[in-house]
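Below is one structure, written out as structure tokens; the observations come after it.
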Number of protein chains: 4
Amino acid sequence: MIDYQSILNNIYARVTRETDKGKIAKYIPELSRVDPNRFGIHLKLISGEEFSVGDSDVGFSIQSISKVLTLSMAMSQVEAKIWNRVDVEPSGNPFNHLSLLELEEGIPRNPLINSGAIVIADILVSQLKDPKAEFLKYVQDITGDPSISYNLKVAQSEKETGFNNYAAANLLKSFNNLNNSVDAVLDFYFHQCSLEMSCAQLSKAFFLFANKGLCLKNVARLTKSQAKRINAIMLTCGFYDEAGEFAFEVGLPGKSGVGGGIAASLPNEFSIAVWAPGLNPQGNSKLGMQALERFTTLTNQSIF
Amino acid sequence: MIDYQSILNNIYARVTRETDKGKIAKYIPELSRVDPNRFGIHLKLISGEEFSVGDSDVGFSIQSISKVLTLSMAMSQVEAKIWNRVDVEPSGNPFNHLSLLELEEGIPRNPLINSGAIVIADILVSQLKDPKAEFLKYVQDITGDPSISYNLKVAQSEKETGFNNYAAANLLKSFNNLNNSVDAVLDFYFHQCSLEMSCAQLSKAFFLFANKGLCLKNVARLTKSQAKRINAIMLTCGFYDEAGEFAFEVGLPGKSGVGGGIAASLPNEFSIAVWAPGLNPQGNSKLGMQALERFTTLTNQSIF
Amino acid sequence: MIDYQSILNNIYARVTRETDKGKIAKYIPELSRVDPNRFGIHLKLISGEEFSVGDSDVGFSIQSISKVLTLSMAMSQVEAKIWNRVDVEPSGNPFNHLSLLELEEGIPRNPLINSGAIVIADILVSQLKDPKAEFLKYVQDITGDPSISYNLKVAQSEKETGFNNYAAANLLKSFNNLNNSVDAVLDFYFHQCSLEMSCAQLSKAFFLFANKGLCLKNVARLTKSQAKRINAIMLTCGFYDEAGEFAFEVGLPGKSGVGGGIAASLPNEFSIAVWAPGLNPQGNSKLGMQALERFTTLTNQSIF
Amino acid sequence: MIDYQSILNNIYARVTRETDKGKIAKYIPELSRVDPNRFGIHLKLISGEEFSVGDSDVGFSIQSISKVLTLSMAMSQVEAKIWNRVDVEPSGNPFNHLSLLELEEGIPRNPLINSGAIVIADILVSQLKDPKAEFLKYVQDITGDPSISYNLKVAQSEKETGFNNYAAANLLKSFNNLNNSVDAVLDFYFHQCSLEMSCAQLSKAFFLFANKGLCLKNVARLTKSQAKRINAIMLTCGFYDEAGEFAFEVGLPGKSGVGGGIAASLPNEFSIAVWAPGLNPQGNSKLGMQALERFTTLTNQSIF
């Protein structure tokens, strides 16, 4: 049997010693004020057991990790409307996000890059009566935690500075791949990104993907096949242009956010979330990547 | 001596016979309602003589031809602020306008593509107290024709459907190459594109470029060097991805618009404007291109 | 317990009924002469059990599947020399293989696209005294089958028509990412692609990746970590621009070839090879993809 | 009347004072050994008058300037075969020459970039019995100077190191846009680039383009229309990604080479050649560009 707690302790001891903790995202004031020394991990086994270390109960801005949750909600409600509007291929390209969108005539490469997540947001805005409230409810439900909420300051800051997302949404609109107004879709999108969750909460949300679509209360939130597909998309597309590197070094389906969080799953085994605010040059949590690499090495567990 | 009138008559007779007149731009209702059989030419010699044929006095939407006029106004007022924000190279690429902008970190290839013209618009919005009124006045002044005006319906339609321009402006903003708000800049930009002018009026406006910067009243509106540079930019960048073809077949500095107009100059000789609403697949006036090719062949005049 | 044989039979019955079998690769005569109705599967469990159906013992041109085998050999001998010359990211791009290579200054995206495999070939040519003989020996050894051989006609045909590979190799050379002569490297490369193997033989070769690096005789041919990494690379990069789709629909690390073969592994469970010569528009075996999708659905086994 | 000689003297005095003379091309030993202080200009008026300053009679490697001469020869013999195999649009892109070729399926952007010139070379290799001898003869004839010759060492060096050109030629071949063998075409191409000519000789060769296709002996070597078209192509495509800049600053149709030469024409007025071996970052002669800019400013002559 694996002694998960001592493995987490080992990682904590080792990783927090690192002097180069990466760079904190500074594009909005709210993110830049986070303490760079924060570090937490929460692990949730399929068996129900949980292990944690460090700041695992401190909330942070989940940012792009939310893309997996909106995708999950959209797949559970209107999967048929998704795959002719978004592809499932890795984007590969660090340097020209809009270029690919333009070359491929408005079909985003996958739902985990910004343009793809904006299309998913558009689908939810069309589908839901009160998109922001209903999506928040969905996240609260699958985690069993009604205390989760949006950070409205973060959402507002992103609205004021998210010109690249406005560019993407308008480009999608020019290709007729956005049904609602740019403003309505981005209002929802900036809110989803502003969700604050702790590692403990995130690992509960990702339990779905580890547990064949069943949530903590054993309710089917996704079909088995949908859970499998979300894992597949996370593995090939979850880490920007470092997806291959993450598969190569870590070997878990997962998703990172510029808030420094990473959530991942090992199907049929566990879900896990890590938080360390400093980012590497590719925009993924520097120590978070190291922690997960160490975790799969020490436990000898990965999908490969 | 060249008999310009009979050359224009010859072109008219020949070109209006063409059955395939190209396709009228349909992206906004105002443009799509134009009669595809319209055809006019107006020629203005440096000597002052004028020649015309067909619908040379009928106003039409000058669209992208306006980019030369805003560039001219901006160069005359604040040239120093332009060239570190916009380049002067041909864009070459038909298929990925935003891609290049992204790859080149927000510096548009030249002031005659949309993104470049949006930067010029931004410069004028910063510079002028009442940009729309002052630019209109500038155009009225250089043509000596106070009847020229914006078509507000066209401007409004473009505002409602110009998602690609919103994408470009937001992308520029994300690269810190737009000082004013996207809405303020595009409001000006959509108005400049909506200007209605006839071939006669356009050839008067382009007289500046043929006449070393001096307008009809012999007032210096541009330095000799600025007039030369605008001609150079028009020659290398004035016809989207058909700039080379136009130089090759026609050999005049010029600029086309999706309203079907083309205005051009032969330095020290003449300015000329043609109008035929049907476009070729590259978005340039089909019969307008033919007319100018025939004109330079019959007159044996071109910059080459 | 899963009844693998009846699942294979079920797949055989279903898939061979398909009327649209895809298109046979025709770029060299040797490939174009294959019977489009060929279809075989071979499955090899970690336990040692084997199951097969159809033409599972008929040899075919493994083509790009060989890239996994040269990578495996190179990693086992000189892994330290690989990763600064080749990346491990998906290429994403169907349409411009050389473009990416150029933009990224001669570092191929991953070892399973042509340019990457050419770099691996270069590494082996530098490392081995008699590269062709030693690589063949390696493949014979890991499969335990000395009858495997190159098809010299196929190798010769590729040499005569492989201009795109000559372009890639010369481009690599221009970026100083090829140490040997273009001709020496491509001679080896065209031979590796010409290997003829049956599904039975391929599933034995891929047993390494399913079995933590241990071959059929329980000899460690790769470290556990290397086997894991090869699986990760296959999953993210093994199917050209359909890697995401394959992960999404099938969920196994694998590699396809234009000869119509696909070999895959489920770590700790099995290796499997399929052969159906007709290709889909992305260049992967059309019925092979369907067969594997059906296989993972019916067995309910995948890495996700 | 313009005092050309004192203008040339003025330029010489001014330009040779510059301390930053740019960087000499070093990719082959023969080019790297040139004295960076070399500087010459030769001007040839349509009237027949000639003016020169500095090293105007010293031969140097004309390199890419030869592309205009092969184009001229090909147009004079088989123009009908050219324009469906090469386009006439600026390439615009500094960084990915092969990318565009790949995206546009093997049709080079224009005949003055490497891939386009390789197609022109292929056309001449098909057309001529002894391509190298006949092309040399053509250049000797239009300049009236039988002493012009290839530098065989330069040709040999380029053959040994020109991997990027091998890549381009093989890519063209893979798109069926090369009829002869890669080796035959590049052998011719490397020889054309190795031509040694002085400024005086180059300005005589370019006299054709200034003089409506008539050579020094008043023999028509090109039609008027062909001469015009070559000027148009030089203006839009003659300076890599600095074509727009050259048109903007200088305003003459011309072509540069990495040997540090630039040859240009002003139709109906003069041809001119400059030589200064140091290059700017775009690969054009640094002082040569300055000299021509100063020349068109002081003479107040340009096509615009």
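Residue numbers start at 1 in each chain; chains themselves are named A, B, ... in the order of the structure tokens; ligands are numbered from 1 in the order shown.
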
- Residue neighbourhood segment 46-49 of chain C, 8 Å, only C-alpha atoms, exclusion window fewer than 4 positions, as a ChimeraX atom specification: /C:207,210-211,268-271

- At most 10 Å to chain A: residues in chain B, only C-alpha atoms, as number ranges by chain: B: 95-105, 161-176, 182

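All residues in segment 5-99 of chain A with a DSSP state of strand (DSSP E), computed from the backbone, read Gly40, Ile41, His42, Leu43, Lys44, Leu45, Glu50, Phe51, Ser52, Val53, Gly54, Phe60 and Ser61 of chain A.
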
- Can you list, as a ChimeraX atom specification, every protein, DNA or RNA residue that comes within 6 Å of segment 260-265 of chain D when you count only C-alpha atoms, leaving out same-chain residues fewer than 4 positions away? /D:210,253-256,270-277,285

- alpha helix (DSSP H) call set, DSSP backbone run, segment 53-290 of chain C, as an MDAnalysis selection string: chainID C and resid 66:78 97:103 114:127 131:143 152:161 163:174 182:193 199:205 207:210 224:237 243:249 286:290

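A straight line drawn from atom CA of Leu8 of chain A to atom CA of Ile233 of chain C is 27.2 Å long.
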
- What's the 8 Å shell around Glu249 of chain B, counting only C-alpha atoms, without same-chain residues fewer than 4 positions away, as a list in words? Glu245 and Glu293 of chain B; Arg229 of chain D

Just write the chosen residues, all heavy atoms, as an mmCIF file, in the first residue's frame.
data_model
loop_
_atom_site.group_PDB
_atom_site.id
_atom_site.type_symbol
_atom_site.label_atom_id
_atom_site.label_comp_id
_atom_site.auth_asym_id
_atom_site.auth_seq_id
_atom_site.Cartn_x
_atom_site.Cartn_y
_atom_site.Cartn_z
ATOM 1 N N GLU B 245 0.226 42.013 -58.441
ATOM 2 C CA GLU B 245 -0.494 41.877 -59.704
ATOM 3 C C GLU B 245 -0.839 43.253 -60.286
ATOM 4 O O GLU B 245 -0.683 43.484 -61.486
ATOM 5 C CB GLU B 245 -1.795 41.092 -59.438
ATOM 6 C CG GLU B 245 -2.629 40.784 -60.661
ATOM 7 C CD GLU B 245 -2.031 39.711 -61.549
ATOM 8 O OE1 GLU B 245 -1.099 38.994 -61.087
ATOM 9 O OE2 GLU B 245 -2.453 39.606 -62.715
ATOM 10 N N GLU B 293 -5.847 48.841 -66.365
ATOM 11 C CA GLU B 293 -4.843 48.129 -67.152
ATOM 12 C C GLU B 293 -4.892 48.622 -68.603
ATOM 13 O O GLU B 293 -3.859 48.916 -69.216
ATOM 14 C CB GLU B 293 -5.122 46.630 -67.075
ATOM 15 C CG GLU B 293 -4.019 45.796 -67.684
ATOM 16 C CD GLU B 293 -4.412 44.331 -67.749
ATOM 17 O OE1 GLU B 293 -5.295 43.915 -66.971
ATOM 18 O OE2 GLU B 293 -3.842 43.614 -68.600
ATOM 19 N N ARG D 229 7.157 45.087 -66.637
ATOM 20 C CA ARG D 229 6.787 44.082 -65.648
ATOM 21 C C ARG D 229 7.957 43.703 -64.740
ATOM 22 O O ARG D 229 7.786 43.478 -63.546
ATOM 23 C CB ARG D 229 6.265 42.833 -66.351
ATOM 24 C CG ARG D 229 4.882 43.080 -66.915
ATOM 25 C CD ARG D 229 4.422 41.978 -67.836
ATOM 26 N NE ARG D 229 3.034 42.222 -68.203
ATOM 27 C CZ ARG D 229 2.164 41.260 -68.463
ATOM 28 N NH1 ARG D 229 2.529 39.995 -68.434
ATOM 29 N NH2 ARG D 229 0.911 41.549 -68.765
#

- Message: Please report the interatomic distance between atom CA of Leu208 of chain A and atom CA of Val53 of chain A in Å with one decimal.
- Response: 21.9 Å

Neighbouring residues of segment 296-300 of chain A were defined as those with any atom within 12 Å, considering only C-alpha atoms; residues of the same chain fewer than 4 positions away were excluded. Please report them as an mmCIF file with N, CA, C and O atoms, in the first residue's frame.
data_model
loop_
_atom_site.group_PDB
_atom_site.id
_atom_site.type_symbol
_atom_site.label_atom_id
_atom_site.label_comp_id
_atom_site.auth_asym_id
_atom_site.auth_seq_id
_atom_site.Cartn_x
_atom_site.Cartn_y
_atom_site.Cartn_z
ATOM 1 N N MET A 1 0.827 -1.221 0.000
ATOM 2 C CA MET A 1 0.000 0.000 0.000
ATOM 3 C C MET A 1 0.855 1.264 0.000
ATOM 4 O O MET A 1 1.904 1.319 0.626
ATOM 5 N N ILE A 2 0.373 2.263 -0.749
ATOM 6 C CA ILE A 2 1.130 3.510 -0.860
ATOM 7 C C ILE A 2 0.848 4.407 0.341
ATOM 8 O O ILE A 2 -0.316 4.611 0.695
ATOM 9 N N ASP A 3 1.907 4.942 0.932
ATOM 10 C CA ASP A 3 1.719 5.871 2.052
ATOM 11 C C ASP A 3 1.628 7.301 1.507
ATOM 12 O O ASP A 3 2.610 8.036 1.432
ATOM 13 N N TYR A 4 0.417 7.662 1.093
ATOM 14 C CA TYR A 4 0.234 8.946 0.421
ATOM 15 C C TYR A 4 0.639 10.131 1.290
ATOM 16 O O TYR A 4 1.227 11.088 0.826
ATOM 17 N N GLN A 5 0.305 10.040 2.603
ATOM 18 C CA GLN A 5 0.597 11.209 3.435
ATOM 19 C C GLN A 5 2.095 11.503 3.500
ATOM 20 O O GLN A 5 2.522 12.647 3.391
ATOM 21 N N SER A 6 2.882 10.442 3.619
ATOM 22 C CA SER A 6 4.309 10.753 3.717
ATOM 23 C C SER A 6 4.876 11.183 2.361
ATOM 24 O O SER A 6 5.819 11.963 2.296
ATOM 25 N N ILE A 7 4.252 10.720 1.288
ATOM 26 C CA ILE A 7 4.668 11.213 -0.028
ATOM 27 C C ILE A 7 4.346 12.699 -0.159
ATOM 28 O O ILE A 7 5.183 13.503 -0.606
ATOM 29 N N LEU A 8 3.155 13.102 0.265
ATOM 30 C CA LEU A 8 2.814 14.527 0.209
ATOM 31 C C LEU A 8 3.765 15.342 1.090
ATOM 32 O O LEU A 8 4.227 16.420 0.702
ATOM 33 N N ASN A 9 4.056 14.808 2.259
ATOM 34 C CA ASN A 9 4.990 15.512 3.150
ATOM 35 C C ASN A 9 6.362 15.665 2.503
ATOM 36 O O ASN A 9 6.984 16.728 2.545
ATOM 37 N N ASN A 10 6.803 14.597 1.914
ATOM 38 C CA ASN A 10 8.081 14.600 1.209
ATOM 39 C C ASN A 10 8.091 15.677 0.128
ATOM 40 O O ASN A 10 9.029 16.468 0.019
ATOM 41 N N ILE A 11 7.043 15.712 -0.675
ATOM 42 C CA ILE A 11 6.956 16.718 -1.751
ATOM 43 C C ILE A 11 6.975 18.114 -1.150
ATOM 44 O O ILE A 11 7.696 19.008 -1.619
ATOM 45 N N PHE A 246 3.926 17.769 -20.069
ATOM 46 C CA PHE A 246 3.231 17.314 -18.870
ATOM 47 C C PHE A 246 2.896 15.822 -18.976
ATOM 48 O O PHE A 246 3.082 15.060 -18.025
ATOM 49 N N ALA A 247 2.444 15.401 -20.147
ATOM 50 C CA ALA A 247 2.170 13.975 -20.346
ATOM 51 C C ALA A 247 3.456 13.176 -20.164
ATOM 52 O O ALA A 247 3.473 12.108 -19.548
ATOM 53 N N PHE A 248 4.535 13.709 -20.710
ATOM 54 C CA PHE A 248 5.838 13.050 -20.702
ATOM 55 C C PHE A 248 6.403 12.957 -19.280
ATOM 56 O O PHE A 248 6.897 11.912 -18.857
ATOM 57 N N GLU A 249 6.302 14.046 -18.521
ATOM 58 C CA GLU A 249 6.923 14.080 -17.202
ATOM 59 C C GLU A 249 5.988 13.602 -16.098
ATOM 60 O O GLU A 249 6.426 13.039 -15.102
ATOM 61 N N VAL A 250 4.700 13.899 -16.241
ATOM 62 C CA VAL A 250 3.759 13.582 -15.179
ATOM 63 C C VAL A 250 2.865 12.399 -15.563
ATOM 64 O O VAL A 250 2.771 11.414 -14.830
ATOM 65 N N GLY A 251 2.195 12.536 -16.695
ATOM 66 C CA GLY A 251 1.362 11.423 -17.141
ATOM 67 C C GLY A 251 -0.003 11.348 -16.495
ATOM 68 O O GLY A 251 -0.525 10.252 -16.249
ATOM 69 N N LEU A 252 -0.604 12.505 -16.220
ATOM 70 C CA LEU A 252 -1.980 12.543 -15.708
ATOM 71 C C LEU A 252 -2.787 13.531 -16.544
ATOM 72 O O LEU A 252 -2.271 14.577 -16.910
ATOM 73 N N ALA A 264 -5.890 17.508 -11.460
ATOM 74 C CA ALA A 264 -5.646 16.365 -12.336
ATOM 75 C C ALA A 264 -6.381 15.146 -11.809
ATOM 76 O O ALA A 264 -6.878 15.136 -10.677
ATOM 77 N N SER A 265 -6.460 14.129 -12.668
ATOM 78 C CA SER A 265 -7.113 12.896 -12.219
ATOM 79 C C SER A 265 -6.325 11.688 -12.705
ATOM 80 O O SER A 265 -5.647 11.752 -13.733
ATOM 81 N N LEU A 266 -6.380 10.621 -11.944
ATOM 82 C CA LEU A 266 -5.938 9.329 -12.452
ATOM 83 C C LEU A 266 -7.178 8.448 -12.446
ATOM 84 O O LEU A 266 -7.668 8.061 -11.364
ATOM 85 N N GLU A 269 -8.570 5.922 -9.796
ATOM 86 C CA GLU A 269 -7.672 5.961 -8.646
ATOM 87 C C GLU A 269 -7.867 7.206 -7.768
ATOM 88 O O GLU A 269 -8.168 7.084 -6.592
ATOM 89 N N PHE A 270 -7.680 8.372 -8.345
ATOM 90 C CA PHE A 270 -7.741 9.563 -7.497
ATOM 91 C C PHE A 270 -7.906 10.844 -8.329
ATOM 92 O O PHE A 270 -7.660 10.844 -9.537
ATOM 93 N N ILE A 272 -6.595 15.023 -7.796
ATOM 94 C CA ILE A 272 -5.600 15.744 -7.011
ATOM 95 C C ILE A 272 -5.552 17.196 -7.466
ATOM 96 O O ILE A 272 -5.792 17.488 -8.643
ATOM 97 N N MET A 289 3.936 21.849 -11.181
ATOM 98 C CA MET A 289 4.402 20.838 -12.129
ATOM 99 C C MET A 289 5.406 19.901 -11.444
ATOM 100 O O MET A 289 5.333 18.684 -11.574
ATOM 101 N N GLN A 290 6.348 20.496 -10.724
ATOM 102 C CA GLN A 290 7.361 19.682 -10.039
ATOM 103 C C GLN A 290 6.720 18.747 -9.018
ATOM 104 O O GLN A 290 7.096 17.582 -8.894
ATOM 105 N N ALA A 291 5.738 19.282 -8.296
ATOM 106 C CA ALA A 291 5.095 18.485 -7.262
ATOM 107 C C ALA A 291 4.391 17.265 -7.879
ATOM 108 O O ALA A 291 4.514 16.137 -7.377
ATOM 109 N N LEU A 292 3.699 17.502 -8.991
ATOM 110 C CA LEU A 292 2.976 16.389 -9.607
ATOM 111 C C LEU A 292 3.930 15.387 -10.245
ATOM 112 O O LEU A 292 3.691 14.178 -10.224
ATOM 113 N N PHE A 304 0.193 6.055 -17.856
ATOM 114 C CA PHE A 304 1.070 5.342 -18.791
ATOM 115 C C PHE A 304 1.811 4.202 -18.109
ATOM 116 O O PHE A 304 2.998 4.202 -17.941
ATOM 117 N N LYS C 212 6.182 -2.105 -19.152
ATOM 118 C CA LYS C 212 7.178 -1.343 -18.390
ATOM 119 C C LYS C 212 8.607 -1.488 -18.906
ATOM 120 O O LYS C 212 9.569 -1.440 -18.125
ATOM 121 N N LYS C 224 11.495 1.622 -16.844
ATOM 122 C CA LYS C 224 10.080 1.860 -16.625
ATOM 123 C C LYS C 224 9.710 3.275 -17.065
ATOM 124 O O LYS C 224 8.708 3.513 -17.720
ATOM 125 N N SER C 225 10.556 4.195 -16.664
ATOM 126 C CA SER C 225 10.286 5.588 -16.985
ATOM 127 C C SER C 225 10.326 5.838 -18.496
ATOM 128 O O SER C 225 9.530 6.600 -19.039
ATOM 129 N N LYS C 228 7.134 4.522 -20.051
ATOM 130 C CA LYS C 228 6.070 5.485 -19.749
ATOM 131 C C LYS C 228 6.139 6.696 -20.684
ATOM 132 O O LYS C 228 5.130 7.159 -21.233
#

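Residues in contact with segment 116-120 of chain B at up to 7 Å, not including ones fewer than 6 positions away on its chain and judged by only C-alpha atoms, are Lys67, Thr70, Leu71, Ala74, Val86, Pro108, Arg109, Asn110, Ala169, Leu178 and Tyr189 of chain B.
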
- Task: In Å, rounded to a single decimal, give me how far atom CA of Ala243 of chain D is from atom CA of Asn84 of chain D.
- Result: 23.2 Å

- Tell me which protein, DNA and RNA residues are within 8 Å of Cys193 of chain C, counting only C-alpha atoms, leaving out same-chain ones fewer than 5 positions away, and put them as JSON, numbers by chain. {"C": [61, 62, 63, 64, 65, 66, 67, 155]}
